[in-house]
file work-v6.cif (mmCIF, C-alpha atoms)
data_entry
#
loop_
_atom_site.label_atom_id
_atom_site.label_comp_id
_atom_site.auth_asym_id
_atom_site.auth_seq_id
_atom_site.Cartn_x
_atom_site.Cartn_y
_atom_site.Cartn_z
CA MET A 1 3.79 -17.40 0.72
CA SER A 2 6.98 -15.76 1.86
CA TYR A 3 7.78 -15.82 5.57
CA TYR A 4 10.73 -13.40 5.47
CA THR A 5 8.85 -10.43 6.92
CA LEU A 6 7.07 -12.44 9.59
CA VAL A 7 10.14 -14.35 10.82
CA THR A 8 12.22 -11.21 11.23
CA ALA A 9 9.26 -9.49 12.92
CA LEU A 10 9.29 -12.11 15.70
CA PRO A 11 11.40 -11.27 18.78
CA ASP A 12 14.10 -13.48 20.23
CA LEU A 13 12.95 -15.80 23.01
CA PRO A 14 15.65 -16.29 25.67
CA ALA A 15 16.45 -19.79 26.96
CA LEU A 16 13.51 -21.31 28.85
CA ALA A 17 15.38 -21.24 32.17
CA LYS A 18 16.09 -17.51 31.72
CA CYS A 19 12.56 -16.54 30.67
CA ARG A 20 11.30 -14.08 33.28
CA GLN A 21 9.19 -11.86 31.08
CA MET A 22 7.55 -12.48 27.71
CA PRO A 23 9.26 -10.44 24.97
CA ILE A 24 5.94 -10.15 23.12
CA SER A 25 2.35 -10.32 24.33
CA ARG A 26 -0.15 -12.74 22.81
CA ILE A 27 -2.11 -9.82 21.36
CA ALA A 28 0.98 -8.42 19.62
CA LEU A 29 1.98 -11.91 18.46
CA ASP A 30 -1.47 -12.56 17.02
CA ARG A 31 -1.34 -9.23 15.22
CA ARG A 32 1.92 -10.29 13.54
CA LEU A 33 0.57 -13.72 12.73
CA THR A 34 -2.08 -12.07 10.56
CA MET A 35 0.69 -11.95 7.92
CA LEU A 36 0.12 -15.70 7.47
CA SER A 37 -2.27 -16.99 4.84
CA GLU A 38 -5.58 -18.51 5.96
CA GLU A 39 -4.27 -22.01 5.25
CA ASP A 40 -1.09 -21.46 7.28
CA LEU A 41 -3.09 -20.00 10.15
CA GLN A 42 -5.21 -23.16 10.19
CA GLN A 43 -2.05 -25.30 10.36
CA LEU A 44 -0.74 -23.18 13.21
CA LYS A 45 -4.02 -23.38 15.12
CA ARG A 46 -4.15 -27.17 14.69
CA ALA A 47 -0.56 -27.49 15.93
CA GLU A 48 -1.25 -25.26 18.93
CA SER A 49 -4.50 -27.00 19.87
CA LEU A 50 -2.71 -30.36 19.88
CA TYR A 51 0.41 -29.15 21.66
CA TYR A 52 -1.56 -27.29 24.32
CA PHE A 53 -4.75 -29.31 24.37
CA ASP A 54 -7.51 -28.07 26.59
CA ALA A 55 -8.14 -30.75 29.24
CA GLN A 56 -11.56 -29.24 30.02
CA GLN A 57 -12.69 -29.60 26.42
CA LEU A 58 -11.74 -33.27 26.42
CA GLU A 59 -13.23 -33.96 29.83
CA GLY A 60 -16.22 -36.02 28.72
CA LEU A 61 -14.16 -38.18 26.35
CA SER A 62 -12.71 -41.58 27.21
CA ASP A 63 -8.93 -42.01 26.92
CA GLN A 64 -9.38 -44.21 23.86
CA ARG A 65 -11.56 -41.63 22.10
CA ARG A 66 -9.14 -38.87 23.06
CA VAL A 67 -6.23 -40.77 21.50
CA TYR A 68 -8.22 -41.35 18.27
CA GLN A 69 -9.04 -37.67 18.11
CA TRP A 70 -5.39 -36.68 18.56
CA GLN A 71 -4.34 -39.14 15.87
CA TYR A 72 -6.92 -37.76 13.46
CA GLN A 73 -5.94 -34.17 14.13
CA LEU A 74 -2.24 -34.95 13.88
CA ASN A 75 -2.70 -36.39 10.39
CA GLU A 76 -3.99 -33.00 9.28
CA ILE A 77 -0.65 -31.34 10.07
CA GLU A 78 1.28 -31.12 6.81
CA SER A 79 4.84 -30.67 8.06
CA GLU A 80 6.52 -33.93 8.99
CA GLN A 81 8.83 -32.26 11.51
CA ILE A 82 6.03 -30.38 13.23
CA ARG A 83 4.09 -33.66 13.42
CA GLN A 84 7.10 -35.25 15.13
CA CYS A 85 7.32 -32.41 17.67
CA ILE A 86 3.63 -32.73 18.53
CA GLN A 87 3.86 -36.51 18.64
CA GLU A 88 6.72 -36.33 21.14
CA ARG A 89 4.76 -33.89 23.31
CA LEU A 90 1.71 -36.19 23.34
CA GLU A 91 3.85 -39.25 24.01
CA TRP A 92 5.30 -37.57 27.10
CA GLN A 93 1.77 -36.75 28.16
CA SER A 94 0.82 -40.43 27.79
CA LEU A 95 3.88 -41.59 29.74
CA LEU A 96 3.05 -39.27 32.62
CA ALA A 97 -0.57 -40.40 32.53
CA ALA A 98 0.56 -44.04 32.70
CA MET A 99 2.83 -43.33 35.67
CA ARG A 100 0.04 -41.49 37.49
CA GLN A 101 -2.45 -44.27 36.72
CA ARG A 102 -0.05 -46.90 38.04
CA GLN A 103 0.72 -44.84 41.14
CA GLN A 104 -2.99 -44.45 41.94
CA GLY A 105 -3.45 -48.17 41.35
CA ASP A 106 -7.13 -47.93 40.44
CA LYS A 107 -6.65 -49.05 36.82
CA GLY A 108 -4.59 -51.85 35.31
CA PRO A 109 -2.53 -51.90 32.11
CA GLU A 110 -5.44 -53.26 30.06
CA GLN A 111 -7.39 -50.05 30.79
CA PHE A 112 -4.55 -47.80 29.73
CA TYR A 113 -4.84 -45.98 26.40
CA GLY A 114 -1.91 -43.83 25.39
CA PHE A 115 -0.69 -42.02 22.35
CA GLY A 116 2.28 -42.97 20.20
CA ARG A 117 5.05 -45.52 19.95
CA TRP A 118 5.30 -46.58 23.56
CA THR A 119 1.72 -47.63 24.33
CA THR A 120 2.15 -51.38 23.75
CA ARG A 121 5.44 -51.39 25.62
CA ILE A 122 3.88 -49.53 28.54
CA ARG A 123 1.13 -52.17 28.80
CA GLN A 124 3.63 -55.05 28.51
CA HIS A 125 6.02 -53.65 31.15
CA TRP A 126 3.43 -52.03 33.42
CA GLN A 127 5.11 -53.03 36.67
CA GLU A 128 8.62 -51.90 35.69
CA PRO A 129 9.46 -48.42 37.09
CA THR A 130 10.18 -46.90 33.67
CA PHE A 131 8.15 -49.40 31.59
CA GLY A 132 11.47 -50.79 30.25
CA LEU A 133 12.06 -47.53 28.39
CA GLU A 134 15.14 -46.30 30.27
CA THR A 135 17.39 -46.91 27.22
CA ALA A 136 15.08 -45.25 24.70
CA LEU A 137 14.13 -42.40 27.06
CA PRO A 138 16.91 -41.77 29.61
CA LEU A 139 15.00 -38.76 30.93
CA LEU A 140 12.20 -41.05 32.06
CA ALA A 141 14.57 -42.74 34.53
CA GLU A 142 15.30 -39.29 36.05
CA LEU A 143 11.63 -38.36 36.15
CA GLN A 144 10.33 -41.54 37.74
CA PRO A 145 11.67 -40.86 41.29
CA LEU A 146 10.41 -37.28 41.05
CA MET A 147 6.96 -38.56 40.12
CA GLN A 148 7.00 -40.87 43.12
CA LYS A 149 7.90 -37.94 45.38
CA GLY A 150 4.99 -36.03 43.90
CA ALA A 151 7.23 -33.29 42.45
CA ALA A 152 4.93 -32.72 39.49
CA GLY A 153 6.22 -29.18 38.91
CA GLU A 154 9.83 -30.34 38.52
CA VAL A 155 8.75 -33.17 36.19
CA GLU A 156 6.85 -30.72 34.01
CA HIS A 157 9.80 -28.33 33.99
CA GLN A 158 12.22 -31.04 32.81
CA ILE A 159 9.87 -32.26 30.08
CA ASN A 160 9.34 -28.69 28.91
CA GLN A 161 13.11 -28.24 28.68
CA THR A 162 13.35 -31.30 26.39
CA LEU A 163 10.44 -30.14 24.25
CA TRP A 164 11.91 -26.63 24.06
CA GLN A 165 15.23 -28.00 22.75
CA GLN A 166 13.45 -30.08 20.13
CA LEU A 167 11.39 -27.10 18.93
CA LEU A 168 14.49 -24.91 18.81
CA ARG A 169 16.32 -27.53 16.73
CA VAL A 170 13.49 -27.71 14.19
CA GLU A 171 13.13 -23.92 14.15
CA ARG A 172 16.83 -23.46 13.38
CA SER A 173 16.86 -26.16 10.70
CA HIS A 174 14.28 -24.16 8.70
CA HIS A 175 15.01 -20.62 7.64
CA PHE A 176 12.07 -18.42 6.85
CA ALA A 177 9.51 -21.22 6.59
CA LEU A 178 6.16 -22.03 8.20
CA GLU A 179 7.96 -24.50 10.49
CA THR A 180 10.03 -21.61 11.89
CA VAL A 181 6.85 -19.70 12.74
CA ILE A 182 5.01 -22.69 14.24
CA CYS A 183 8.01 -23.68 16.38
CA PHE A 184 8.34 -20.10 17.61
CA VAL A 185 4.68 -19.95 18.61
CA LEU A 186 4.92 -23.32 20.38
CA ARG A 187 8.05 -22.19 22.23
CA TRP A 188 6.25 -18.97 23.15
CA GLY A 189 3.54 -21.14 24.71
CA LEU A 190 6.06 -23.12 26.77
CA ALA A 191 7.71 -19.92 28.02
CA GLU A 192 4.36 -18.37 28.88
CA LYS A 193 3.30 -21.48 30.77
CA GLN A 194 6.53 -21.47 32.77
CA ILE A 195 6.20 -17.80 33.68
CA ARG A 196 2.59 -18.37 34.71
CA ASN A 197 3.64 -21.36 36.85
CA ASP A 198 6.47 -19.32 38.38
CA ALA A 199 4.01 -16.58 39.28
CA ASP A 200 1.63 -19.11 40.85
CA LEU A 201 4.53 -20.68 42.78
CA ALA A 202 5.71 -17.27 43.97
CA LEU A 203 2.19 -16.43 45.19
CA GLU A 204 1.93 -19.77 46.92
CA ALA A 205 5.35 -19.31 48.59
CA PHE A 206 4.40 -15.80 49.68
CA ASP A 207 1.12 -17.05 51.10
CA THR A 208 2.85 -19.85 53.06
CA MET A 209 5.51 -17.45 54.32
CA ALA A 210 2.89 -14.89 55.39
CA LYS A 211 0.84 -17.54 57.20
CA GLY A 212 4.01 -18.85 58.89
CA LEU A 213 5.01 -15.36 60.04
CA ILE A 214 1.55 -14.52 61.34
CA ALA A 215 1.56 -17.78 63.30
CA THR A 216 4.80 -16.78 65.09
CA PRO A 217 3.92 -15.57 68.65
CA THR A 218 6.37 -12.60 68.60
CA ILE A 219 4.98 -11.31 65.31
CA ARG A 220 1.43 -11.79 66.61
CA GLU A 221 2.29 -9.72 69.68
CA HIS A 222 3.76 -6.97 67.48
CA ILE A 223 0.66 -6.95 65.29
CA ALA A 224 -1.60 -6.87 68.35
CA SER A 225 0.34 -3.95 69.89
CA ALA A 226 0.31 -2.10 66.55
CA PHE A 227 -3.48 -2.44 66.41
CA GLU A 228 -3.77 -1.23 70.02
CA GLU A 229 -1.66 1.85 69.21
CA LEU A 230 -3.80 2.58 66.22
CA SER A 231 -7.03 2.30 68.17
CA MET B 1 19.99 -23.17 -38.34
CA ASP B 2 21.86 -19.92 -38.98
CA ASN B 3 18.96 -17.95 -37.58
CA LEU B 4 18.96 -20.09 -34.44
CA ILE B 5 22.68 -19.50 -33.91
CA LEU B 6 22.17 -15.75 -34.38
CA ALA B 7 19.21 -15.79 -31.95
CA LEU B 8 21.38 -17.53 -29.38
CA GLY B 9 24.02 -14.87 -29.97
CA TRP B 10 21.48 -12.14 -29.21
CA ALA B 11 20.37 -14.06 -26.10
CA GLY B 12 24.01 -14.21 -25.01
CA LEU B 13 24.37 -10.51 -25.56
CA TYR B 14 21.35 -9.52 -23.50
CA GLY B 15 21.50 -12.51 -21.12
CA PRO B 16 23.89 -11.09 -18.48
CA MET B 17 21.77 -7.97 -18.15
CA ALA B 18 18.38 -9.77 -18.05
CA LEU B 19 19.41 -12.66 -15.82
CA GLY B 20 21.37 -10.36 -13.50
CA ALA B 21 18.31 -8.13 -13.19
CA ILE B 22 16.02 -11.11 -12.45
CA GLY B 23 18.42 -12.26 -9.73
CA SER B 24 18.61 -8.74 -8.26
CA MET B 25 14.83 -8.44 -8.19
CA ILE B 26 14.44 -11.70 -6.28
CA GLY B 27 17.41 -11.08 -3.98
CA CYS B 28 16.42 -7.51 -3.12
CA SER B 29 12.85 -8.64 -2.57
CA LEU B 30 13.85 -11.38 -0.10
CA ALA B 31 16.23 -9.13 1.83
CA GLY B 32 13.74 -6.26 1.66
CA GLN B 33 10.96 -8.38 3.15
CA ALA B 34 13.28 -9.39 5.99
CA ALA B 35 14.23 -5.75 6.54
CA ALA B 36 10.56 -4.75 6.67
CA GLY B 37 9.94 -7.35 9.39
CA ALA B 38 12.98 -6.17 11.37
CA LEU B 39 11.63 -2.61 11.30
CA LEU B 40 8.65 -3.81 13.31
CA GLU B 41 10.82 -5.44 15.94
CA THR B 42 13.60 -2.84 16.41
CA GLU B 43 13.74 0.74 17.62
CA THR B 44 16.97 1.80 15.91
CA GLY B 45 19.26 0.82 13.02
CA HIS B 46 16.50 0.90 10.43
CA GLY B 47 18.70 2.54 7.80
CA ARG B 48 21.24 -0.24 7.80
CA TYR B 49 18.60 -2.93 7.34
CA ILE B 50 17.27 -1.16 4.27
CA GLY B 51 20.86 -0.63 3.09
CA ILE B 52 21.65 -4.36 3.30
CA SER B 53 18.52 -5.24 1.38
CA ALA B 54 19.90 -3.31 -1.62
CA MET B 55 23.11 -5.40 -1.73
CA PRO B 56 21.92 -7.85 -4.41
CA SER B 57 21.39 -4.99 -6.88
CA SER B 58 25.10 -4.99 -7.84
CA GLN B 59 24.59 -8.04 -10.07
CA SER B 60 22.42 -5.96 -12.41
CA ILE B 61 25.26 -3.47 -12.78
CA TYR B 62 27.76 -6.24 -13.54
CA GLY B 63 25.28 -7.57 -16.11
CA ILE B 64 25.07 -4.19 -17.84
CA VAL B 65 28.87 -3.90 -18.01
CA VAL B 66 29.23 -7.45 -19.43
CA MET B 67 26.50 -6.69 -21.97
CA PHE B 68 28.42 -3.63 -23.20
CA ALA B 69 31.68 -5.59 -23.28
CA LEU B 70 30.05 -8.28 -25.43
CA ASN B 71 28.26 -5.81 -27.67
CA ARG B 72 29.54 -6.13 -31.23
CA GLU B 73 28.25 -6.92 -34.70
CA LEU B 74 26.72 -10.39 -34.58
CA THR B 75 28.10 -12.93 -37.04
CA LEU B 76 27.84 -16.69 -37.34
CA GLY B 77 31.46 -16.78 -36.21
CA ASN B 78 31.03 -14.99 -32.87
CA ALA B 79 27.39 -15.84 -31.98
CA PRO B 80 28.12 -19.23 -30.28
CA GLY B 81 30.86 -17.66 -28.15
CA LEU B 82 28.62 -14.74 -27.20
CA ALA B 83 25.84 -17.16 -26.27
CA ALA B 84 28.11 -19.28 -24.10
CA ILE B 85 29.77 -16.41 -22.24
CA GLY B 86 26.64 -14.26 -21.93
CA LEU B 87 24.23 -16.95 -20.77
CA LEU B 88 26.64 -18.60 -18.35
CA CYS B 89 27.70 -15.27 -16.87
CA GLY B 90 24.02 -14.28 -16.61
CA LEU B 91 23.13 -17.48 -14.78
CA ALA B 92 26.04 -17.00 -12.37
CA LEU B 93 24.91 -13.43 -11.66
CA MET B 94 21.28 -14.47 -11.22
CA PHE B 95 21.99 -17.25 -8.73
CA SER B 96 24.49 -15.15 -6.80
CA ALA B 97 21.92 -12.35 -6.45
CA ILE B 98 19.22 -14.73 -5.19
CA TYR B 99 21.49 -16.41 -2.67
CA GLN B 100 22.96 -13.09 -1.61
CA GLY B 101 19.42 -11.94 -0.89
CA ARG B 102 18.90 -14.96 1.34
CA SER B 103 22.21 -14.34 3.12
CA CYS B 104 21.22 -10.71 3.66
CA ALA B 105 17.85 -11.80 5.10
CA SER B 106 19.64 -14.08 7.57
CA ALA B 107 22.08 -11.29 8.45
CA ILE B 108 19.15 -8.96 9.16
CA ASN B 109 17.45 -11.63 11.28
CA VAL B 110 20.48 -12.28 13.50
CA SER B 111 21.72 -8.70 13.78
CA LYS B 112 18.22 -7.71 14.90
CA ILE B 113 18.71 -10.02 17.91
CA ARG B 114 22.38 -9.11 18.51
CA PRO B 115 23.26 -5.78 16.87
CA GLU B 116 26.95 -6.16 17.80
CA ILE B 117 27.40 -8.97 15.23
CA PHE B 118 26.00 -6.87 12.39
CA GLY B 119 29.36 -6.62 10.54
CA MET B 120 30.24 -10.27 10.96
CA SER B 121 26.79 -11.43 9.85
CA LEU B 122 27.35 -9.73 6.51
CA ALA B 123 30.42 -11.87 5.72
CA PRO B 124 28.44 -14.65 3.92
CA ALA B 125 26.72 -12.07 1.72
CA ALA B 126 30.10 -10.49 0.93
CA ILE B 127 31.57 -13.89 0.00
CA VAL B 128 28.67 -14.54 -2.38
CA GLU B 129 29.31 -11.10 -3.90
CA GLY B 130 32.94 -12.18 -4.43
CA PHE B 131 31.82 -15.06 -6.65
CA ALA B 132 29.64 -12.69 -8.68
CA VAL B 133 32.70 -10.49 -9.18
CA PHE B 134 34.70 -13.52 -10.42
CA ALA B 135 32.00 -14.32 -12.98
CA PHE B 136 31.88 -10.66 -14.04
CA ILE B 137 35.67 -10.12 -14.36
CA PHE B 138 36.36 -13.33 -16.21
CA ALA B 139 33.46 -12.74 -18.60
CA LEU B 140 35.17 -9.46 -19.50
CA VAL B 141 38.56 -11.17 -19.90
CA ILE B 142 37.16 -14.00 -22.07
CA SER B 143 35.04 -11.64 -24.18
CA ALA B 144 38.24 -9.96 -25.39
CA GLY B 145 39.07 -13.16 -27.29
CA LEU B 146 35.83 -13.20 -29.28
CA PRO B 147 36.03 -12.20 -32.95
CA ALA B 148 34.66 -8.69 -33.52
#

call {"tool": "encode", "arguments": {"input": "work-v6.cif", "output": "structure tokens"}}
result
Amino acid sequence: MSYYTLVTALPDLPALAKCRQMPISRIALDRRLTMLSEEDLQQLKRAESLYYFDAQQLEGLSDQRRVYQWQYQLNEIESEQIRQCIQERLEWQSLLAAMRQRQQGDKGPEQFYGFGRWTTRIRQHWQEPTFGLETALPLLAELQPLMQKGAAGEVEHQINQTLWQQLLRVERSHHFALETVICFVLRWGLAEKQIRNDADLALEAFDTMAKGLIATPTIREHIASAFEELS
Amino acid sequence: MDNLILALGWAGLYGPMALGAIGSMIGCSLAGQAAAGALLETETGHGRYIGISAMPSSQSIYGIVVMFALNRELTLGNAPGLAAIGLLCGLALMFSAIYQGRSCASAINVSKIRPEIFGMSLAPAAIVEGFAVFAFIFALVISAGLPA
């Protein structure tokens, strides 16, 4: 299968921080992805379902079962580099879950089940702020205080930046290959998620501002007088 | 044995043309596929994408010229030389066409994102073409030394 037509048919995604509008809709993207063979489409779907797993679908499963399922699905991805990208994404997910679990304090290290290389280390160094991983994962040391402050949005944004860079690196190291397409689609997902979050944040900020303004006595008087004039 | 040497001589005679054409087919196909994809994504500049995708066709022309330059009555004396020059020149033309096609595809991909670098993005393809010209010119020069 040749990917030359498909790769050049994909638009350029600006840097994650500069993404304000998606350059291509999901419908248009899916239409272009029909150029892929059935086998490649399956690989792409597997990669996407692991990278953006649906928490609701996994709701009934225990953490241990969830990790087994991820491991099984990951082994079905053929590309080594795509596997590494997904693995890193799931490892970050596990690290965040461990930090949340520790913060809540309802479960101990023996009840923690995570995905990837760091699980044993996390259990062994449960009480250390960054599970003794500050050398291997310098970003974790930056994220830990943010997690404690409850700035989940900022934590997610920083992790997404790291994942974005990794995907971009893999995408650029392959020219006109399935890896290029998969990395593009995964980056598209990150950008879309950020724009969606930005929109939610903007709505939230607008709502707070509106409530704050309405609560101001002067504004309330103005509104009341405006209503009186109207009636 | 004599027949084998003569067969190799014929292969050398037709080799530049056939191998150059194979390379051009692959190269034009790769660049053409990239151009077709870029047509979907861009509003303007379609002509230049199609134009670039035809770049690897020059190797076929070089192959034809070398074939005519080598064309002479085949003897046991000149067949090994014809085989060596023809096949090696053909291989050089074939690989240059394939890799030029890939360079053109990359040029199309990047100039689609930033049209202002269109000219610069063609430099790698032009350099590859330069090596094809070397193989072509020196095949002509060397062929002059072959016995008629």

call {"tool": "atom_distance", "arguments": {"input": "work-v6.cif", "atom1": "CA of Gln87 in chain A", "atom2": "CA of Lys193 in chain A"}}
result
19.3 Å

call {"tool": "axis_aligned_box", "arguments": {"input": "work-v6.cif", "around": "range 142-157 of chain A", "padding_each_side": "5 Å", "output": "lines of an AutoDock Vina configuration file"}}
result
center_x = 10.1
center_y = -34.9
center_z = 39.7
size_x = 20.4
size_y = 23.2
size_z = 21.4

call {"tool": "residues_around", "arguments": {"input": "work-v6.cif", "residues": "range 93-106 of chain B", "least_positions_apart": "3", "cutoff": "7 Å", "atoms": "only C-alpha atoms", "output": "ChimeraX atom specification"}}
result
/B:19-20,22-24,26-28,30-31,34,52-53,56,59,89-90,109-110,122,124-125,128-129,132

call {"tool": "write_last_selection", "arguments": {"input": "work-v6.cif", "atoms": "C-alpha atoms", "output": "PDB file, in the frame of the given file"}}
result
ATOM      1  CA  LEU B  19      19.410 -12.660 -15.820  1.00  0.00           C
ATOM      2  CA  GLY B  20      21.370 -10.360 -13.500  1.00  0.00           C
ATOM      3  CA  ILE B  22      16.020 -11.110 -12.450  1.00  0.00           C
ATOM      4  CA  GLY B  23      18.420 -12.260  -9.730  1.00  0.00           C
ATOM      5  CA  SER B  24      18.610  -8.740  -8.260  1.00  0.00           C
ATOM      6  CA  ILE B  26      14.440 -11.700  -6.280  1.00  0.00           C
ATOM      7  CA  GLY B  27      17.410 -11.080  -3.980  1.00  0.00           C
ATOM      8  CA  CYS B  28      16.420  -7.510  -3.120  1.00  0.00           C
ATOM      9  CA  LEU B  30      13.850 -11.380  -0.100  1.00  0.00           C
ATOM     10  CA  ALA B  31      16.230  -9.130   1.830  1.00  0.00           C
ATOM     11  CA  ALA B  34      13.280  -9.390   5.990  1.00  0.00           C
ATOM     12  CA  ILE B  52      21.650  -4.360   3.300  1.00  0.00           C
ATOM     13  CA  SER B  53      18.520  -5.240   1.380  1.00  0.00           C
ATOM     14  CA  PRO B  56      21.920  -7.850  -4.410  1.00  0.00           C
ATOM     15  CA  GLN B  59      24.590  -8.040 -10.070  1.00  0.00           C
ATOM     16  CA  CYS B  89      27.700 -15.270 -16.870  1.00  0.00           C
ATOM     17  CA  GLY B  90      24.020 -14.280 -16.610  1.00  0.00           C
ATOM     18  CA  ASN B 109      17.450 -11.630  11.280  1.00  0.00           C
ATOM     19  CA  VAL B 110      20.480 -12.280  13.500  1.00  0.00           C
ATOM     20  CA  LEU B 122      27.350  -9.730   6.510  1.00  0.00           C
ATOM     21  CA  PRO B 124      28.440 -14.650   3.920  1.00  0.00           C
ATOM     22  CA  ALA B 125      26.720 -12.070   1.720  1.00  0.00           C
ATOM     23  CA  VAL B 128      28.670 -14.540  -2.380  1.00  0.00           C
ATOM     24  CA  GLU B 129      29.310 -11.100  -3.900  1.00  0.00           C
ATOM     25  CA  ALA B 132      29.640 -12.690  -8.680  1.00  0.00           C
TER      26      ALA B 132
END

call {"tool": "resolve_selection", "arguments": {"input": "work-v6.cif", "expression": "the PyMOL selection byres ((chain B) within 6 of (chain A))", "output": "PyMOL selection string"}}
result
chain B and resi 33-34+36-38+40-41+109

call {"tool": "atom_distance", "arguments": {"input": "work-v6.cif", "atom1": "CA of Tyr51 in chain A", "atom2": "CA of Ile86 in chain A"}}
result
5.7 Å

call {"tool": "residues_around", "arguments": {"input": "work-v6.cif", "residues": "Ile5 in chain B", "least_positions_apart": "2", "cutoff": "9 Å", "atoms": "only C-alpha atoms", "output": "PyMOL selection string"}}
result
chain B and resi 1-3+7-10+76+79-80+83

call {"tool": "resolve_selection", "arguments": {"input": "work-v6.cif", "expression": "the PyMOL selection byres ((chain B and resi 136) around 9)", "output": "VMD selection string"}}
result
chain B and resid 59 62 to 63 65 to 66 89 92 to 93 131 to 135 137 to 141

call {"tool": "closest_residue", "arguments": {"input": "work-v6.cif", "among": "A:Gln161, A:Leu230, A:Leu95, A:Ser62", "to": "Gly132 in chain A", "atoms": "all atoms listed in the file"}}
result
A:Leu95

call {"tool": "resolve_selection", "arguments": {"input": "work-v6.cif", "expression": "the PyMOL selection byres ((chain A and resi 16) around 9)", "output": "MDAnalysis selection string"}}
result
chainID A and resid 13:15 17:20 160:161 164 187 190:191 194

call {"tool": "closest_residue", "arguments": {"input": "work-v6.cif", "among": "B:Ile117, B:Asn78, B:Ala123, B:Leu87", "to": "Ala144 in chain B", "atoms": "all atoms listed in the file"}}
result
B:Asn78

call {"tool": "atom_distance", "arguments": {"input": "work-v6.cif", "atom1": "CA of Ala55 in chain A", "atom2": "CA of Gln93 in chain A"}}
result
11.6 Å

call {"tool": "residues_around", "arguments": {"input": "work-v6.cif", "residues": "Ile64 in chain B", "least_positions_apart": "5", "cutoff": "9 Å", "atoms": "all atoms listed in the file", "output": "list of chain:residue names"}}
result
B:Tyr14, B:Pro16, B:Met17, B:Ala18, B:Gly20, B:Gln59, B:Ala69

call {"tool": "closest_residue", "arguments": {"input": "work-v6.cif", "among": "B:Leu146, B:Leu13, B:Leu39, B:Ser111", "to": "Gly81 in chain B", "atoms": "only C-alpha atoms"}}
result
B:Leu146

call {"tool": "residues_around", "arguments": {"input": "work-v6.cif", "residues": "Leu70 in chain B", "least_positions_apart": "2", "cutoff": "7 Å", "atoms": "only C-alpha atoms", "output": "PyMOL selection string"}}
result
chain B and resi 13+66-68+72+82+143

call {"tool": "write_last_selection", "arguments": {"input": "work-v6.cif", "atoms": "C-alpha atoms", "output": "mmCIF file, in the frame of the given file"}}
result
data_model
loop_
_atom_site.group_PDB
_atom_site.id
_atom_site.type_symbol
_atom_site.label_atom_id
_atom_site.label_comp_id
_atom_site.auth_asym_id
_atom_site.auth_seq_id
_atom_site.Cartn_x
_atom_site.Cartn_y
_atom_site.Cartn_z
ATOM 1 C CA LEU B 13 24.370 -10.510 -25.560
ATOM 2 C CA VAL B 66 29.230 -7.450 -19.430
ATOM 3 C CA MET B 67 26.500 -6.690 -21.970
ATOM 4 C CA PHE B 68 28.420 -3.630 -23.200
ATOM 5 C CA ARG B 72 29.540 -6.130 -31.230
ATOM 6 C CA LEU B 82 28.620 -14.740 -27.200
ATOM 7 C CA SER B 143 35.040 -11.640 -24.180
#

call {"tool": "residues_near_point", "arguments": {"input": "work-v6.cif", "point": "(2.3, -42.7, 19.2)", "cutoff": "10 Å", "atoms": "only C-alpha atoms", "output": "JSON, numbers by chain"}}
result
{"A": [67, 70, 71, 84, 87, 88, 90, 91, 92, 94, 114, 115, 116, 117, 118, 119, 120]}
